[in-house]
>>> print(open('upload_31.cif').read())   # mmCIF, C-alpha atoms and all ligand atoms
data_model
loop_
_atom_site.label_atom_id
_atom_site.label_comp_id
_atom_site.auth_asym_id
_atom_site.auth_seq_id
_atom_site.Cartn_x
_atom_site.Cartn_y
_atom_site.Cartn_z
CA MET A 1319 42.09 -15.39 39.67
CA GLU A 1320 41.28 -12.63 37.30
CA ALA A 1321 38.09 -10.62 37.20
CA GLY A 1322 36.02 -11.96 34.34
CA VAL A 1323 32.82 -11.22 32.51
CA ARG A 1324 30.33 -9.32 34.57
CA GLN A 1325 27.13 -11.23 34.57
CA ASN A 1326 23.75 -10.25 35.65
CA GLU A 1327 22.68 -12.50 38.47
CA SER A 1328 18.98 -11.92 37.96
CA LYS A 1329 16.99 -14.52 36.13
CA SER A 1330 15.93 -14.00 32.53
CA TYR A 1331 12.58 -14.82 31.01
CA ARG A 1332 11.03 -15.09 27.61
CA CYS A 1333 7.46 -15.60 26.55
CA LEU A 1334 6.96 -19.02 24.99
CA CYS A 1335 5.85 -17.29 21.80
CA TYR A 1336 9.54 -16.49 21.16
CA PHE A 1337 10.01 -20.09 20.08
CA THR A 1338 7.11 -20.18 17.63
CA ASN A 1339 6.04 -16.68 16.50
CA ASN A 1340 7.44 -13.97 14.29
CA ILE A 1341 9.74 -16.10 12.23
CA TYR A 1342 10.81 -14.08 9.22
CA LEU A 1343 11.05 -15.81 5.85
CA ARG A 1344 13.38 -13.44 4.04
CA GLN A 1345 12.89 -14.85 0.59
CA TYR A 1346 9.12 -14.41 0.74
CA GLY A 1347 9.08 -11.29 2.93
CA VAL A 1348 6.63 -12.66 5.51
CA HIS A 1349 6.57 -13.21 9.25
CA VAL A 1350 5.07 -16.56 10.23
CA SER A 1351 4.16 -18.59 13.30
CA TYR A 1352 5.10 -22.22 13.47
CA ALA A 1353 3.57 -24.66 15.95
CA ASN A 1354 3.80 -27.70 13.68
CA GLU A 1355 4.00 -28.48 10.01
CA SER A 1356 0.30 -28.97 9.33
CA GLN A 1357 -0.73 -25.76 11.13
CA PHE A 1358 1.98 -23.91 9.28
CA TRP A 1359 0.98 -24.99 5.76
CA ASN A 1360 -2.69 -24.52 6.55
CA ASP A 1361 -2.10 -20.95 7.69
CA TYR A 1362 0.57 -19.83 5.22
CA GLY A 1363 0.44 -22.23 2.25
CA GLN A 1364 -1.70 -19.86 0.20
CA VAL A 1365 0.28 -16.70 0.83
CA LEU A 1366 3.58 -18.49 0.22
CA LEU A 1367 2.23 -19.91 -3.03
CA GLN A 1368 1.27 -16.41 -4.18
CA ARG A 1369 4.79 -15.28 -3.38
CA GLY A 1370 6.39 -17.95 -5.50
CA CYS A 1371 6.76 -20.93 -3.20
CA ASP A 1372 5.30 -23.25 -5.83
CA THR A 1373 7.31 -26.46 -5.85
CA GLN A 1374 7.87 -29.28 -3.41
CA ALA A 1375 11.58 -28.41 -3.32
CA LYS A 1376 10.80 -24.82 -2.30
CA ARG A 1377 8.40 -26.02 0.39
CA LEU A 1378 11.06 -28.33 1.78
CA GLU A 1379 13.48 -25.41 1.80
CA VAL A 1380 10.98 -23.37 3.84
CA ASN A 1381 10.56 -26.22 6.33
CA LYS A 1382 14.32 -26.45 6.71
CA GLU A 1383 14.70 -22.71 7.17
CA ILE A 1384 12.05 -22.61 9.90
CA GLN A 1385 13.49 -25.58 11.74
CA ALA A 1386 16.94 -23.99 11.70
CA GLU A 1387 15.53 -20.73 13.10
CA VAL A 1388 13.60 -22.51 15.87
CA LYS A 1389 16.78 -24.40 16.76
CA ARG A 1390 18.78 -21.14 16.81
CA ARG A 1391 16.26 -19.63 19.21
CA ARG A 1392 16.31 -22.68 21.49
CA ASN A 1393 20.10 -22.60 21.71
CA PHE A 1394 20.44 -18.84 21.69
CA GLY A 1395 20.81 -18.24 25.46
CA ARG A 1396 23.53 -20.83 26.05
CA GLU A 1397 25.41 -19.87 22.90
CA SER A 1398 25.16 -16.18 23.71
CA VAL A 1399 26.70 -16.69 27.17
CA GLN A 1400 29.51 -18.72 25.60
CA ARG A 1401 30.14 -16.10 22.93
CA ARG A 1402 30.29 -13.32 25.51
CA GLU A 1403 32.89 -15.23 27.52
CA THR A 1404 34.99 -16.03 24.47
CA ILE A 1405 34.86 -12.43 23.25
CA HIS A 1406 35.89 -11.19 26.69
CA LYS A 1407 38.91 -13.49 26.65
CA LEU A 1408 39.99 -13.02 23.04
CA TYR A 1409 38.99 -9.61 21.81
CA LYS A 1410 41.32 -6.68 22.42
CA PRO A 1411 39.16 -3.66 21.65
CA LEU A 1412 40.49 -1.10 19.25
CA TYR A 1413 39.19 1.76 21.44
CA PRO A 1414 38.73 0.54 25.03
CA ASP A 1415 37.63 4.00 26.15
CA ILE A 1416 34.35 3.93 24.22
CA PHE A 1417 33.03 1.08 26.39
CA THR A 1418 32.30 3.60 29.14
CA LEU A 1419 29.71 6.27 28.49
CA GLN A 1420 31.18 9.74 28.85
CA ASP A 1421 29.59 13.10 28.18
CA LYS A 1422 32.31 13.83 25.62
CA TRP A 1423 30.83 11.19 23.32
CA LEU A 1424 27.42 12.83 23.47
CA ASP A 1425 26.16 15.74 21.43
CA PRO A 1426 25.80 18.73 23.81
CA ALA A 1427 22.18 19.15 22.67
CA PHE A 1428 21.43 15.60 23.86
CA VAL A 1429 23.07 16.21 27.24
CA GLU A 1430 20.92 19.33 27.57
CA LEU A 1431 17.77 17.46 26.49
CA ALA A 1432 18.29 14.79 29.14
CA SER A 1433 19.19 17.23 31.89
CA TYR A 1434 16.07 19.26 31.09
CA SER A 1435 13.97 16.06 31.17
CA ARG A 1436 15.36 15.11 34.60
CA ARG A 1437 14.14 18.37 36.11
CA GLU A 1438 11.08 18.12 38.28
CA ASP A 1439 9.45 21.04 36.51
CA ALA A 1440 10.08 19.60 33.00
CA THR A 1441 7.01 19.48 30.78
CA VAL A 1442 6.17 17.67 27.55
CA GLU A 1443 5.74 21.03 25.79
CA GLY A 1444 9.14 22.18 27.04
CA LEU A 1445 10.77 19.01 25.77
CA LEU A 1446 8.94 19.09 22.43
CA SER A 1447 10.36 22.55 21.78
CA LYS A 1448 13.84 20.99 21.89
CA VAL A 1449 13.31 17.96 19.62
CA THR A 1450 12.26 17.57 16.00
CA THR A 1451 8.84 16.05 15.62
CA GLU A 1452 8.90 13.90 12.48
CA THR A 1453 5.84 13.60 10.29
CA GLY A 1454 5.09 10.10 11.62
CA GLU A 1455 2.93 10.32 14.72
CA ARG A 1456 4.97 10.49 17.94
CA VAL A 1457 8.27 9.96 16.14
CA TYR A 1458 10.98 12.29 17.45
CA SER A 1459 14.52 12.96 16.38
CA PHE A 1460 17.45 14.66 18.05
CA PRO A 1461 21.23 14.54 17.96
CA VAL A 1462 22.69 11.84 20.24
CA PHE A 1463 26.39 11.16 19.58
CA THR A 1464 29.28 13.27 18.33
CA LEU A 1465 30.59 12.42 14.88
CA GLU A 1466 33.94 11.48 16.43
CA PHE A 1467 32.22 8.89 18.60
CA CYS A 1468 30.24 7.51 15.63
CA GLN A 1469 33.42 7.11 13.65
CA ARG A 1470 35.23 5.29 16.47
CA PHE A 1471 32.23 3.08 17.08
CA ILE A 1472 32.07 2.04 13.42
CA GLU A 1473 35.82 1.37 13.34
CA LEU A 1474 35.51 -0.76 16.45
CA ILE A 1475 32.58 -2.72 14.99
CA GLU A 1476 34.50 -3.30 11.75
CA ASP A 1477 37.57 -4.39 13.71
CA PHE A 1478 35.43 -6.80 15.73
CA GLU A 1479 33.76 -8.12 12.56
CA ASN A 1480 37.21 -8.86 11.13
CA SER A 1481 38.37 -10.63 14.31
CA PRO A 1482 38.06 -14.41 14.67
CA CYS A 1483 35.65 -13.96 17.62
CA PRO A 1484 32.26 -15.69 17.47
CA LYS A 1485 29.37 -13.47 16.39
CA GLY A 1486 25.68 -13.72 17.18
CA ARG A 1487 23.25 -11.96 14.90
CA PRO A 1488 20.66 -9.42 16.09
CA ASN A 1489 17.47 -11.16 14.89
CA THR A 1490 15.96 -12.99 11.94
CA MET A 1491 15.55 -9.80 9.96
CA ASN A 1492 19.12 -8.55 10.18
CA GLN A 1493 21.70 -11.05 9.08
CA TYR A 1494 24.53 -8.60 9.56
CA GLY A 1495 25.20 -6.79 12.79
CA VAL A 1496 26.54 -7.18 16.30
CA LEU A 1497 24.87 -7.87 19.64
CA LEU A 1498 26.28 -5.26 21.99
CA ASP A 1499 25.84 -7.17 25.26
CA GLU A 1500 28.07 -9.93 23.86
CA LEU A 1501 30.67 -7.33 22.99
CA GLY A 1502 30.62 -5.94 26.55
CA PHE A 1503 28.77 -2.63 26.07
CA ASP A 1504 25.89 -3.24 28.44
CA GLU A 1505 26.93 -2.32 31.97
CA ASP A 1506 29.01 0.83 31.54
CA PHE A 1507 27.65 2.24 28.32
CA LEU A 1508 24.11 1.18 27.47
CA LYS A 1509 22.72 0.91 30.98
CA PRO A 1510 23.74 4.47 31.94
CA LEU A 1511 22.59 5.68 28.50
CA ARG A 1512 19.15 4.21 29.18
CA GLU A 1513 18.89 5.21 32.82
CA HIS A 1514 20.30 8.73 32.78
CA TYR A 1515 19.40 9.94 29.31
CA LEU A 1516 16.77 7.94 27.46
CA GLN A 1517 14.43 7.12 30.31
CA PRO A 1518 13.98 10.74 31.49
CA ILE A 1519 13.18 11.73 27.88
CA SER A 1520 10.84 8.74 27.40
CA ARG A 1521 9.13 9.45 30.74
CA LEU A 1522 7.81 12.67 29.19
CA LEU A 1523 7.23 11.49 25.63
CA PHE A 1524 5.92 7.96 26.23
CA PRO A 1525 4.37 7.74 29.71
CA ASP A 1526 1.77 5.36 28.24
CA TRP A 1527 4.51 3.01 27.01
CA GLY A 1528 6.36 2.46 30.28
CA GLY A 1529 8.57 5.53 29.70
CA GLU A 1530 8.96 6.02 33.44
CA ASN A 1531 10.14 2.53 34.05
CA LEU A 1532 12.21 1.25 31.15
CA ASP A 1533 14.14 -1.25 33.21
CA SER A 1534 16.01 -3.31 30.60
CA HIS A 1535 17.10 -3.18 27.00
CA LYS A 1536 18.48 -5.14 24.09
CA ALA A 1537 20.93 -3.26 21.91
CA PHE A 1538 22.57 -4.13 18.63
CA ILE A 1539 24.24 -2.68 15.59
CA VAL A 1540 22.67 -3.31 12.22
CA GLN A 1541 24.67 -3.01 9.08
CA TYR A 1542 23.44 -2.39 5.55
CA LYS A 1543 25.67 -2.88 2.55
CA LEU A 1544 24.93 -3.45 -1.11
CA SER A 1545 26.40 -6.94 -0.99
CA GLU A 1546 24.61 -7.83 2.29
CA ASP A 1547 21.34 -6.57 3.83
CA THR A 1548 20.31 -3.46 1.90
CA ASP A 1549 16.99 -2.75 3.56
CA LEU A 1550 14.72 -3.79 6.37
CA SER A 1551 11.16 -4.95 5.77
CA TYR A 1552 8.21 -3.38 7.48
CA HIS A 1553 7.92 -4.62 11.09
CA TYR A 1554 7.45 -3.71 14.75
CA ASP A 1555 9.99 -4.15 17.53
CA ASN A 1556 10.05 -6.28 20.64
CA ALA A 1557 10.29 -3.07 22.66
CA GLU A 1558 8.14 -0.48 24.39
CA VAL A 1559 10.35 2.40 23.19
CA THR A 1560 13.06 2.17 20.51
CA LEU A 1561 16.02 4.44 19.86
CA ASN A 1562 17.58 4.14 16.41
CA VAL A 1563 20.80 6.11 15.92
CA CYS A 1564 22.45 6.47 12.53
CA LEU A 1565 26.21 6.08 12.98
CA GLY A 1566 27.23 6.55 9.31
CA ALA A 1567 29.28 5.90 7.31
CA ASP A 1568 29.06 6.78 3.59
CA PHE A 1569 25.71 5.90 2.15
CA SER A 1570 22.90 7.27 0.08
CA SER A 1571 19.19 6.80 0.65
CA GLY A 1572 18.15 4.17 3.24
CA ASN A 1573 15.72 6.38 5.16
CA LEU A 1574 13.49 5.01 7.90
CA TYR A 1575 9.76 5.05 7.21
CA PHE A 1576 6.79 4.69 9.54
CA GLY A 1577 3.20 3.58 9.05
CA LYS A 1578 0.48 2.79 11.55
CA MET A 1579 0.68 1.32 14.99
CA ARG A 1580 0.48 -2.43 15.17
CA ASN A 1581 -3.09 -3.73 15.52
CA SER A 1582 -4.55 -0.72 13.71
CA GLY A 1583 -5.18 -2.23 10.31
CA THR A 1584 -3.13 -2.39 7.17
CA ASP A 1585 -1.56 0.73 5.70
CA SER A 1586 -1.25 1.69 2.11
CA SER A 1587 2.13 2.86 0.89
CA SER A 1588 0.79 6.43 0.58
CA GLN A 1589 0.33 6.54 4.34
CA LEU A 1590 3.99 5.83 5.05
CA THR A 1591 6.09 8.74 6.19
CA GLU A 1592 9.86 8.94 5.81
CA CYS A 1593 12.45 10.34 8.21
CA GLU A 1594 15.83 11.67 7.18
CA HIS A 1595 18.52 10.06 9.27
CA SER A 1596 21.93 11.66 9.43
CA PRO A 1597 25.04 10.42 11.31
CA GLY A 1598 24.88 11.02 15.07
CA CYS A 1599 21.13 11.57 14.98
CA GLY A 1600 18.66 9.36 16.88
CA ILE A 1601 15.02 8.62 16.19
CA LEU A 1602 12.88 7.72 19.20
CA HIS A 1603 9.60 5.90 18.61
CA ARG A 1604 7.17 3.42 20.10
CA GLY A 1605 8.31 -0.17 19.54
CA GLN A 1606 4.85 -1.13 18.31
CA HIS A 1607 4.88 1.60 15.67
CA ARG A 1608 5.44 -0.25 12.42
CA HIS A 1609 8.44 0.82 10.40
CA GLY A 1610 11.10 -0.25 7.93
CA ALA A 1611 14.22 1.02 6.20
CA GLN A 1612 14.45 1.91 2.50
CA PRO A 1613 17.20 0.18 0.57
CA ILE A 1614 20.52 1.98 0.51
CA ARG A 1615 21.66 2.84 -3.01
CA SER A 1616 25.37 2.98 -2.37
CA GLY A 1617 27.96 2.66 0.36
CA GLU A 1618 27.25 1.16 3.74
CA ARG A 1619 25.34 2.24 6.79
CA TYR A 1620 25.54 1.33 10.47
CA ASN A 1621 22.74 1.97 12.95
CA LEU A 1622 22.66 1.49 16.69
CA ILE A 1623 19.32 0.13 17.85
CA VAL A 1624 18.28 0.17 21.50
CA TRP A 1625 15.08 -1.69 22.32
CA MET A 1626 13.93 -0.50 25.74
CA ARG A 1627 11.57 -2.61 27.77
CA CYS A 1628 9.23 -2.07 30.71
CA ALA A 1629 8.77 -5.31 32.66
CA GLN A 1630 5.67 -4.04 34.41
CA LEU A 1631 3.86 -3.52 31.10
CA ARG A 1632 5.03 -6.61 29.26
CA ASN A 1633 4.35 -8.89 32.23
CA GLU A 1634 0.70 -7.98 31.70
CA ARG A 1635 0.72 -8.40 27.94
CA CYS A 1636 3.46 -9.76 25.72
CA PRO A 1637 4.03 -7.27 22.87
CA MET A 1638 4.76 -10.07 20.43
CA CYS A 1639 1.73 -12.35 20.97
CA ASP A 1640 -0.66 -9.90 22.70
CA MET A 1641 -1.44 -12.44 25.43
CA THR A 1642 -0.56 -12.65 29.09
CA PRO A 1643 3.00 -13.94 28.59
CA ASP A 1644 3.68 -17.57 29.20
CA LEU A 1645 7.05 -17.06 30.85
CA VAL A 1646 9.91 -19.51 30.79
CA GLU A 1647 13.25 -18.97 32.45
CA VAL A 1648 16.10 -18.89 29.95
CA GLU A 1649 19.88 -18.78 30.03
CA GLY A 1650 21.54 -15.55 28.90
CA PRO A 1651 19.57 -12.44 28.02
CA GLY A 1652 15.79 -12.56 28.25
CA ASP A 1653 13.14 -10.35 26.69
CA GLY A 1654 12.66 -7.85 29.49
CA PHE A 1655 10.04 -9.73 31.48
CA SER A 1656 10.47 -9.86 35.23
CA ASP A 1657 10.38 -12.70 37.66
CA PRO A 1658 6.75 -13.80 37.94
CA GLN A 1659 7.33 -13.82 41.71
CA GLY A 1660 8.20 -10.14 41.52
CA ASN A 1661 11.85 -10.16 42.56
CA TYR A 1662 12.95 -8.01 39.68
CA GLU A 1663 13.96 -5.02 41.78
CA GLU A 1664 16.56 -7.10 43.51
CA GLN A 1665 18.48 -7.61 40.33
CA ARG A 1666 22.16 -6.94 40.89
CA THR A 1667 25.40 -7.28 39.09
CA VAL A 1668 28.23 -9.42 40.41
CA GLN A 1669 31.76 -10.16 39.34
CA VAL A 1670 32.12 -13.72 38.12
CA CYS A 1671 35.60 -15.17 38.10
CA GLN A 1672 36.97 -16.31 34.83
CA LEU A 1673 38.40 -19.81 34.69
CA THR A 1674 41.95 -19.56 33.43
FE FE B 1 12.87 -1.92 14.17
ZN ZN B 2 4.30 -13.75 23.84
#
>>> encode(input="upload_31.cif", output="structure tokens")
Amino acid sequence: MEAGVRQNESKSYRCLCYFTNNIYLRQYGVHVSYANESQFWNDYGQVLLQRGCDTQAKRLEVNKEIQAEVKRRRNFGRESVQRRETIHKLYKPLYPDIFTLQDKWLDPAFVELASYSRREDATVEGLLSKVTTETGERVYSFPVFTLEFCQRFIELIEDFENSPCPKGRPNTMNQYGVLLDELGFDEDFLKPLREHYLQPISRLLFPDWGGENLDSHKAFIVQYKLSEDTDLSYHYDNAEVTLNVCLGADFSSGNLYFGKMRNSGTDSSSQLTECEHSPGCGILHRGQHRHGAQPIRSGERYNLIVWMRCAQLRNERCPMCDMTPDLVEVEGPGDGFSDPQGNYEEQRTVQVCQLT
């Protein structure tokens, strides 16, 4: 028997709202909740009409789109586990060495930032003197990866995209991109990146957002191209703290912009602040800080997104529905909630044998 896909033995949970809330209707640029058809048209009929959904055929199209998305979410866990296994069997990575995090892939300034943050005598002021504070409130940027790493990462993603392997998509807002746990980046790359680098930094910058205890993540690559997704509508993330790293490649425009925190009223476009985002550079922000990406004008752009979660916080209040989460156990990756019985700390990783 051959060693196969490493699977996390701990149970995964999602809040029930995952199956009904925050469904993005791309054509109309709105997020909606869907419990049933009559609730849906009562709540959103007017706004959809204003945005051009003015015929029975268009309304039927919307119904179909929502039903397909709900179905995708219901099947996501099982399909994700299957995809991960198939990818592990079939995909021969172009650069196997980038699946393990090594200091040589990291910008020396980032290594220094994290090692400073791990010191017992580290202070917020000390850390802030080493990062760029963007104009958006509590939005920070700093170099993360070397350009050589970014280039290899993009080449690997493109190679994977061109392979016959099955691909899951990051979320309803990004139709193009790659889920990194399915590709095998979680255990030896993203987990150490979170634990040894991002958490110490977040502990100082976001203590009020679980920065000390970011115990899981969801990571994906988003891709913007003129012929595909060119921008990303204004939204918040299913995360306590988000890292967004620009990987390249050749593009113009496409900056990130930030507005107000979620639940703090609507913002006018004059209140939005933009951040320059150059290859290798990461932007760290609160997941509930609303943001979007300007359309790219030419070329293509890849970003690595890491949504970091703190089970302790989200078990109290789900960041997507603002309620005490109604947890259900799911197959495959969950949304960072812990076992309601509190066994989360015992999570461990085991080798599962591959059936050959
Ligand atoms: Fe986001
Ligand atoms: Zn919820």
>>> closest_atom_pairs(input="upload_31.cif", of="region 1562-1662 of chain A", to="region 1462-1474 of chain A", cutoff="8 Å", atoms="only C-alpha atoms", output="Markdown table")
| residue | atom | partner | partner_atom | distance |
| --- | --- | --- | --- | --- |
| A:Val1563 | CA | A:Val1462 | CA | 7.4 |
| A:Leu1565 | CA | A:Cys1468 | CA | 5.0 |
| A:Gly1566 | CA | A:Cys1468 | CA | 7.1 |
| A:Ala1567 | CA | A:Gln1469 | CA | 7.7 |
| A:Pro1597 | CA | A:Leu1465 | CA | 6.9 |
| A:Gly1598 | CA | A:Phe1463 | CA | 4.8 |
| A:Cys1599 | CA | A:Val1462 | CA | 5.5 |
| A:Gly1600 | CA | A:Val1462 | CA | 5.8 |
| A:Tyr1620 | CA | A:Ile1472 | CA | 7.2 |
>>> residues_near_point(input="upload_31.cif", point="(31.2, 1.0, 32.7)", cutoff="12 Å", atoms="only C-alpha atoms", output="list in words")
Arg1324, Pro1414, Asp1415, Ile1416, Phe1417, Thr1418, Leu1419, Gln1420, Gly1502, Phe1503, Asp1504, Glu1505, Asp1506, Phe1507, Leu1508, Lys1509, Pro1510, Leu1511 and Thr1667 of chain A
>>> closest_residue(input="upload_31.cif", among="A:Asp1526, A:His1535, A:Val1540, A:Gln1606", to="Tyr1554 (chain A)", atoms="all atoms listed in the file")
A:Gln1606
>>> atom_distance(input="upload_31.cif", atom1="CA of Phe1358 (chain A)", atom2="CA of Asn1381 (chain A)")
9.4 Å
>>> closest_residue(input="upload_31.cif", among="A:Tyr1346, A:Trp1423, A:Phe1655, A:Tyr1458", to="ligand ZN 2 (chain B)", atoms="only C-alpha atoms and all ligand atoms")
A:Phe1655
>>> closest_residue(input="upload_31.cif", among="A:Arg1632, A:His1607, A:Lys1389, A:Arg1487", to="Arg1332 (chain A)", atoms="only C-alpha atoms")
A:Arg1632
>>> atom_distance(input="upload_31.cif", atom1="CA of Gln1374 (chain A)", atom2="CA of Asn1340 (chain A)")
23.4 Å
>>> atom_distance(input="upload_31.cif", atom1="CA of Gln1345 (chain A)", atom2="CA of Ser1551 (chain A)")
11.3 Å
>>> residues_around(input="upload_31.cif", residues="Gln1400 (chain A)", least_positions_apart="6", cutoff="10 Å", atoms="only C-alpha atoms", output="list in words")
Phe1394, His1406, Pro1484, Glu1500 and Gly1650 of chain A
>>> decode(input="upload_31.cif", residues="region 1451-1476 of chain A", atoms="N, CA and C atoms", output="PDB file, in the first residue's frame")
ATOM      1  N   THR A1451       1.263  51.083   6.671  1.00  0.00           N
ATOM      2  CA  THR A1451      -0.139  51.211   7.047  1.00  0.00           C
ATOM      3  C   THR A1451      -0.851  51.888   5.883  1.00  0.00           C
ATOM      4  N   GLU A1452      -1.793  51.170   5.278  1.00  0.00           N
ATOM      5  CA  GLU A1452      -2.507  51.723   4.127  1.00  0.00           C
ATOM      6  C   GLU A1452      -3.534  52.730   4.636  1.00  0.00           C
ATOM      7  N   THR A1453      -4.095  53.500   3.705  1.00  0.00           N
ATOM      8  CA  THR A1453      -5.022  54.540   4.150  1.00  0.00           C
ATOM      9  C   THR A1453      -6.303  53.969   4.758  1.00  0.00           C
ATOM     10  N   GLY A1454      -6.711  52.780   4.305  1.00  0.00           N
ATOM     11  CA  GLY A1454      -7.880  52.143   4.919  1.00  0.00           C
ATOM     12  C   GLY A1454      -7.543  51.795   6.362  1.00  0.00           C
ATOM     13  N   GLU A1455      -8.496  51.935   7.251  1.00  0.00           N
ATOM     14  CA  GLU A1455      -8.241  51.708   8.670  1.00  0.00           C
ATOM     15  C   GLU A1455      -7.809  50.260   8.950  1.00  0.00           C
ATOM     16  N   ARG A1456      -6.732  50.095   9.637  1.00  0.00           N
ATOM     17  CA  ARG A1456      -6.183  48.790  10.023  1.00  0.00           C
ATOM     18  C   ARG A1456      -5.982  47.860   8.818  1.00  0.00           C
ATOM     19  N   VAL A1457      -5.488  48.431   7.747  1.00  0.00           N
ATOM     20  CA  VAL A1457      -5.108  47.653   6.567  1.00  0.00           C
ATOM     21  C   VAL A1457      -3.593  47.795   6.437  1.00  0.00           C
ATOM     22  N   TYR A1458      -2.889  46.679   6.437  1.00  0.00           N
ATOM     23  CA  TYR A1458      -1.423  46.732   6.466  1.00  0.00           C
ATOM     24  C   TYR A1458      -0.853  45.997   5.268  1.00  0.00           C
ATOM     25  N   SER A1459       0.263  46.479   4.764  1.00  0.00           N
ATOM     26  CA  SER A1459       0.900  45.735   3.678  1.00  0.00           C
ATOM     27  C   SER A1459       2.379  45.533   3.959  1.00  0.00           C
ATOM     28  N   PHE A1460       2.893  44.446   3.449  1.00  0.00           N
ATOM     29  CA  PHE A1460       4.311  44.113   3.614  1.00  0.00           C
ATOM     30  C   PHE A1460       4.682  43.057   2.577  1.00  0.00           C
ATOM     31  N   PRO A1461       5.967  42.989   2.239  1.00  0.00           N
ATOM     32  CA  PRO A1461       6.379  41.951   1.289  1.00  0.00           C
ATOM     33  C   PRO A1461       6.220  40.574   1.914  1.00  0.00           C
ATOM     34  N   VAL A1462       5.817  39.581   1.133  1.00  0.00           N
ATOM     35  CA  VAL A1462       5.638  38.218   1.674  1.00  0.00           C
ATOM     36  C   VAL A1462       6.535  37.223   0.926  1.00  0.00           C
ATOM     37  N   PHE A1463       6.344  37.113  -0.394  1.00  0.00           N
ATOM     38  CA  PHE A1463       7.084  36.101  -1.157  1.00  0.00           C
ATOM     39  C   PHE A1463       8.135  36.748  -2.066  1.00  0.00           C
ATOM     40  N   THR A1464       9.138  35.947  -2.419  1.00  0.00           N
ATOM     41  CA  THR A1464      10.111  36.420  -3.413  1.00  0.00           C
ATOM     42  C   THR A1464       9.438  36.375  -4.793  1.00  0.00           C
ATOM     43  N   LEU A1465       9.975  37.152  -5.708  1.00  0.00           N
ATOM     44  CA  LEU A1465       9.403  37.169  -7.053  1.00  0.00           C
ATOM     45  C   LEU A1465       9.598  35.815  -7.742  1.00  0.00           C
ATOM     46  N   GLU A1466      10.705  35.149  -7.409  1.00  0.00           N
ATOM     47  CA  GLU A1466      10.951  33.829  -8.002  1.00  0.00           C
ATOM     48  C   GLU A1466       9.849  32.850  -7.569  1.00  0.00           C
ATOM     49  N   PHE A1467       9.501  32.909  -6.291  1.00  0.00           N
ATOM     50  CA  PHE A1467       8.434  32.026  -5.811  1.00  0.00           C
ATOM     51  C   PHE A1467       7.119  32.350  -6.520  1.00  0.00           C
ATOM     52  N   CYS A1468       6.797  33.644  -6.615  1.00  0.00           N
ATOM     53  CA  CYS A1468       5.528  34.049  -7.252  1.00  0.00           C
ATOM     54  C   CYS A1468       5.453  33.506  -8.674  1.00  0.00           C
ATOM     55  N   GLN A1469       6.573  33.603  -9.373  1.00  0.00           N
ATOM     56  CA  GLN A1469       6.587  33.151 -10.758  1.00  0.00           C
ATOM     57  C   GLN A1469       6.355  31.637 -10.847  1.00  0.00           C
ATOM     58  N   ARG A1470       7.047  30.893  -9.968  1.00  0.00           N
ATOM     59  CA  ARG A1470       6.864  29.435  -9.973  1.00  0.00           C
ATOM     60  C   ARG A1470       5.427  29.058  -9.599  1.00  0.00           C
ATOM     61  N   PHE A1471       4.899  29.776  -8.633  1.00  0.00           N
ATOM     62  CA  PHE A1471       3.543  29.480  -8.170  1.00  0.00           C
ATOM     63  C   PHE A1471       2.549  29.684  -9.324  1.00  0.00           C
ATOM     64  N   ILE A1472       2.689  30.794 -10.033  1.00  0.00           N
ATOM     65  CA  ILE A1472       1.786  31.065 -11.160  1.00  0.00           C
ATOM     66  C   ILE A1472       1.940  29.993 -12.241  1.00  0.00           C
ATOM     67  N   GLU A1473       3.192  29.631 -12.540  1.00  0.00           N
ATOM     68  CA  GLU A1473       3.406  28.599 -13.564  1.00  0.00           C
ATOM     69  C   GLU A1473       2.764  27.287 -13.156  1.00  0.00           C
ATOM     70  N   LEU A1474       2.887  26.962 -11.866  1.00  0.00           N
ATOM     71  CA  LEU A1474       2.280  25.724 -11.368  1.00  0.00           C
ATOM     72  C   LEU A1474       0.749  25.780 -11.474  1.00  0.00           C
ATOM     73  N   ILE A1475       0.177  26.932 -11.112  1.00  0.00           N
ATOM     74  CA  ILE A1475      -1.290  27.078 -11.188  1.00  0.00           C
ATOM     75  C   ILE A1475      -1.750  26.963 -12.651  1.00  0.00           C
ATOM     76  N   GLU A1476      -1.005  27.591 -13.551  1.00  0.00           N
ATOM     77  CA  GLU A1476      -1.384  27.513 -14.970  1.00  0.00           C
ATOM     78  C   GLU A1476      -1.272  26.081 -15.487  1.00  0.00           C
TER      79      GLU A1476
END
